[in-house]
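> Before I ask anything, let me first share the structure, which is written out below as structure tokens.
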Number of protein chains: 4
Amino acid sequence: MTSSTAEPIRVLVWGENRHEQIEPHVAAIYPEGMHTTIARGIAENLGDGAVINTTTLDEPEHGLTEEVLQDLDVLVWWGHAAHGEVADDVVERVHRHVLSGLGLVVLHSGHWSKIFGKLMGTTCTLRWRSEQDRELVWTVNPTHPITEGVPNPIIIDAQEMYGETFDIPAPDELIFISSFTGGEVFRSGCTFRRGHGKIFFFSPGDQDYPVYHHSDVRRVIANGVAWVKSDRPRALPTLLRYETDDFFNGHGYTGPIEAHDEEQTDALAN
Amino acid sequence: MTSSTAEPIRVLVWGENRHEQIEPHVAAIYPEGMHTTIARGIAENLGDGAVINTTTLDEPEHGLTEEVLQDLDVLVWWGHAAHGEVADDVVERVHRHVLSGLGLVVLHSGHWSKIFGKLMGTTCTLRWRSEQDRELVWTVNPTHPITEGVPNPIIIDAQEMYGETFDIPAPDELIFISSFTGGEVFRSGCTFRRGHGKIFFFSPGDQDYPVYHHSDVRRVIANGVAWVKSDRPRALPTLLRYETDDFFNGHGYTGPIEAHDEEQTDALAN
Amino acid sequence: MTSSTAEPIRVLVWGENRHEQIEPHVAAIYPEGMHTTIARGIAENLGDGAVINTTTLDEPEHGLTEEVLQDLDVLVWWGHAAHGEVADDVVERVHRHVLSGLGLVVLHSGHWSKIFGKLMGTTCTLRWRSEQDRELVWTVNPTHPITEGVPNPIIIDAQEMYGETFDIPAPDELIFISSFTGGEVFRSGCTFRRGHGKIFFFSPGDQDYPVYHHSDVRRVIANGVAWVKSDRPRALPTLLRYETDDFFNGHGYTGPIEAHDEEQTDALAN
Amino acid sequence: MTSSTAEPIRVLVWGENRHEQIEPHVAAIYPEGMHTTIARGIAENLGDGAVINTTTLDEPEHGLTEEVLQDLDVLVWWGHAAHGEVADDVVERVHRHVLSGLGLVVLHSGHWSKIFGKLMGTTCTLRWRSEQDRELVWTVNPTHPITEGVPNPIIIDAQEMYGETFDIPAPDELIFISSFTGGEVFRSGCTFRRGHGKIFFFSPGDQDYPVYHHSDVRRVIANGVAWVKSDRPRALPTLLRYETDDFFNGHGYTGPIEAHDEEQTDALAN
């Protein structure tokens, strides 16, 4: 990955950080928390090209205040056991920022997070088993920036199995397909454009296995961070009225019924 | 459209039915309500191949009870002035049915309905003007069943303008692109697969113009109804565990942390 | 599959028919030729809904004369050892018919046929091994007509391995993904729209294994035949000039330089 | 566009260069040839980030020798009146390089070039008229790098009309949709991945109008050049055999029938 004179990417790795506190075998693999390991893997690959912080569920507002999101280019999300504890108003805020241009990388069990479900519109369900399958991650889009610098396949010796049918919208770009020892397959690397935001879902990674210490997995996540970063101003798509022959000066939407129907509008507004 | 020996498609046209009551010029165009005109257009094209009912916002539960949805193959949605009045629990119910296999046709201003937004995950905003533009509806997918029997282009003499950028996910299939007198363009016919459901969005149609009396528009809507109908049993995609070498007997998901971690699970569950 | 009152689909199964003559172990599996077995599988599923013939490479013009193609709805293609023997002018003719609306189902090693390569524009290469891998065919598009009536996954006990990266354009619809005993994966069921024609590629099937006797494989091929059939008149897309405000009467293209430049046109035409 | 420390992109603009010699009104707009104007527009935007040359049809081997193509990152193609004069073996060579990773930008009437048709597999026909329509180029993929720095819409005061249905495969990414004064629409900016190569088609630009002097058009072409450039080694996708459990050492394909069938292979090879 070549260095660049551009501003470094401002990255926040969000970790649920519950397994690490409750389950000793997880703490043994990720003694500083999974979010820290994920963050180190990004730093290892992007170097001066990124400034990386971490936060967790237990922080006030889950560490995702309006101020934090405004100063951010890319949010990386790992959650699993406590998706339900993420406050709905924080999910709304993240959703609004993604549609406005915040890049989002969703990892592994984040497939069932509130924010991913809200962006996809589907159940995001799959078939599943945790029995130390070997996962092979095959490249099907060999010229995509996200596949740069990793072998085909990536070999992960022990992993949870995620299998099809994965209930997501057909991705804009299918990047990786995984197989597992048991014979299952999974669309393990997918991109989606939503509003002004770009999203990369990457399924390898689990609390029970040292997947985020795997150098190829770290490279893919870093590539994903670079890819989802927007180079446009943060702005939510907005519905505006444009007069004939004026393509550039939209003005405010004043409701579905014209002003001369004011009384009726009031009647409808209750 | 050939007749078929299959069971007729069970269709429900949902109309907001507010403009017709409040605005005399709308009532003049659609004296029995827009939903009735839309339903007649489907019947005109599908004949014995469909059984068609209508319902409106003001019915109890907006006419969309669990029983109604279970006995339905396809829901057609027209709403505009009162999207906010549609109850969230009804939207949840329709969403669950669509992901389970209920076909959905979303018309015109339904782009901003709660159900369409929830399925798309985006703002569904666009640029807009109501000044009697001519709309031309061009076919870009000439072999799709939804384009059968209509000219290229369909000419609609007077219409509201809907223009790009339309903030939706890239559609699975782009069927129609419209242009307007003012020079704007719009992806006016799009299909989406979500869960076990199929969705067709078609933008022509407005309360201020007699668009749903246009025979080509009626044909497209009827084609869309036939296309979104599922031929599979209604079932919500579900996350299940599958043991190695057993591909067909998934069993229940028991939570993110194993049973031997029961106390901790309880700790997380509050 | 419901019967229909529509005209039966006119299907031609094209078989290379060389392995069967040269290799006794192939002849033992397919004593009447692979094309015959494939045709029987389609008949078994479509019944009166299809009229099915077969032809082979060694027929005059490989059995694919202009007359034959004009009277056909769907061509099914199996070739392997003798792709190079298919005459280029026959390939041109089939290509023209597909772009005009002839449905095409390409099976297994047909990935490297001249006609498939010409339609795809890519090398259509893949990774490969013939060592009796088990193939599992997983559904990733559960509402597509081509997946109707088959289990998820289809289990094929012994098969040649075809693996990624498969050098094809991203398919319009990805229907099936296969895995193999060795851990490889493959996009094994893909649809493509090209011109007025629809194409289904399905990779299971090999001369060394009895795959075309497998009831699920037969069902998928029959579903594919039904899906690729066009319901529009056969016509090649043509470049025409349309005057302003006349959307329906295109007239002939007379070359890149206007008639008043006639001498220059002649100068260029040599 | 930020400057980069990477090696400059090696670009070759290929111009047919016939209209400019034959038609005085074209020579008046493009006195140094259209290829020169196009090259200047790229240089204006990419600066030190690109090294740009031009060549034309009348050069030996049309200026596209093996040596030239090997030393190239991106080829930009403008042709119109003399597509038929481009030698088939040169087209084969360019095709092989694109599938190996050479980036390709196809402009305007290049839709009907041999190289574009060979990569698409379709007729690439469209509807057409040259009557000084105004073209508006609307963005439908607002986060794509190719749309950076241009207004929505781009306004081109006078242009040839290209209209749907444009017979191409559904593009991997639809970037721009144009409208014309007459009301026609066109998918005017499309990306395609083929083999290891990336392709951008952009339709604005014609010999009769000064479109390649338009600063927004120049910016889009430069963005396209940057996007199609590959960051991987040039290599043609190749079919190889991989033994079980060896994912990285493919070895040569020795033909469709095993070595022990050597005599039969010889029999087939004639």
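We name chains A, B, ... following the order of the structure tokens; residues begin at 1 in each chain, and ligands are numbered from 1 as shown.
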Could you please tell me, as a PyMOL selection string, which residues of chain A have an atom within 6 Å of chain B when using only C-alpha atoms?
chain A and resi 81+118-122+125-129+167+169+182+194-195+238-242+244+256
> Would you mind exporting the chosen residues as a PDB file, in the first residue's frame, restricted to C-alpha atoms?

ATOM      1  CA  ALA A  81     -23.561 -10.896  22.623  1.00  0.00           C
ATOM      2  CA  LYS A 118     -31.125  -1.113   9.520  1.00  0.00           C
ATOM      3  CA  LEU A 119     -28.881  -0.456   6.524  1.00  0.00           C
ATOM      4  CA  MET A 120     -29.675  -3.744   4.797  1.00  0.00           C
ATOM      5  CA  GLY A 121     -33.429  -3.911   5.431  1.00  0.00           C
ATOM      6  CA  THR A 122     -33.327  -7.724   5.750  1.00  0.00           C
ATOM      7  CA  THR A 125     -29.670 -14.363   9.186  1.00  0.00           C
ATOM      8  CA  LEU A 126     -27.439 -17.267   8.139  1.00  0.00           C
ATOM      9  CA  ARG A 127     -26.600 -20.849   9.080  1.00  0.00           C
ATOM     10  CA  TRP A 128     -24.032 -21.279  11.796  1.00  0.00           C
ATOM     11  CA  ARG A 129     -21.875 -23.695  13.824  1.00  0.00           C
ATOM     12  CA  ASP A 167     -30.204 -13.056   4.012  1.00  0.00           C
ATOM     13  CA  PRO A 169     -29.542  -7.765  -0.411  1.00  0.00           C
ATOM     14  CA  GLY A 182     -18.043 -28.994   6.707  1.00  0.00           C
ATOM     15  CA  ARG A 194     -26.027   3.365   0.856  1.00  0.00           C
ATOM     16  CA  GLY A 195     -26.756   7.084   0.619  1.00  0.00           C
ATOM     17  CA  THR A 238     -32.222  15.570   1.047  1.00  0.00           C
ATOM     18  CA  LEU A 239     -35.455  15.924  -0.897  1.00  0.00           C
ATOM     19  CA  LEU A 240     -35.609  19.328  -2.597  1.00  0.00           C
ATOM     20  CA  ARG A 241     -37.739  21.044  -5.185  1.00  0.00           C
ATOM     21  CA  TYR A 242     -36.018  22.271  -8.357  1.00  0.00           C
ATOM     22  CA  THR A 244     -37.653  24.099 -14.407  1.00  0.00           C
ATOM     23  CA  PRO A 256     -47.306  17.048   0.149  1.00  0.00           C
TER      24      PRO A 256
END
> Identify all residues of region 123-225 of chain C in strand (DSSP E) (DSSP on the backbone) and supply them as JSON, numbers by chain.
{"C": [127, 128, 129, 130, 131, 132, 133, 134, 135, 136, 137, 138, 139, 154, 155, 156, 157, 158, 159, 160, 161, 162, 163, 173, 174, 175, 176, 177, 178, 179, 180, 185, 186, 187, 188, 189, 190, 191, 192, 193, 194, 197, 198, 199, 200, 201, 202]}
> Near Arg134 (chain C), within 9 Å and counting only C-alpha atoms, which residues show up once chain neighbours fewer than 2 positions away are dropped, as a ChimeraX atom specification?
/C:132,136,155-161,179-182
> With only C-alpha atoms as the atoms that count, which of D:Ser215, D:Gln70, D:Thr191, D:Ser230 lies nearest to Pro145 (chain A)?
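Among the listed residues, D:Ser230 lies closest to Pro145 (chain A).
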> Per DSSP on the backbone, filter region 3-142 of chain C down to the residues in alpha helix (DSSP H) and report them as a count of residues only.
48
> Would you kindly return, as a ChimeraX atom specification, each protein, DNA or RNA residue with an atom no farther than 12 Å from any atom of Glu59 (chain D), considering only C-alpha atoms and excluding same-chain residues fewer than 6 positions away?
/D:14-17,65,86-87
> Can you list, as a VMD selection string, every protein, DNA or RNA residue that comes within 7 Å of Thr36 (chain C) when you count only C-alpha atoms, leaving out same-chain residues fewer than 4 positions away?
chain C and resid 32 40 54
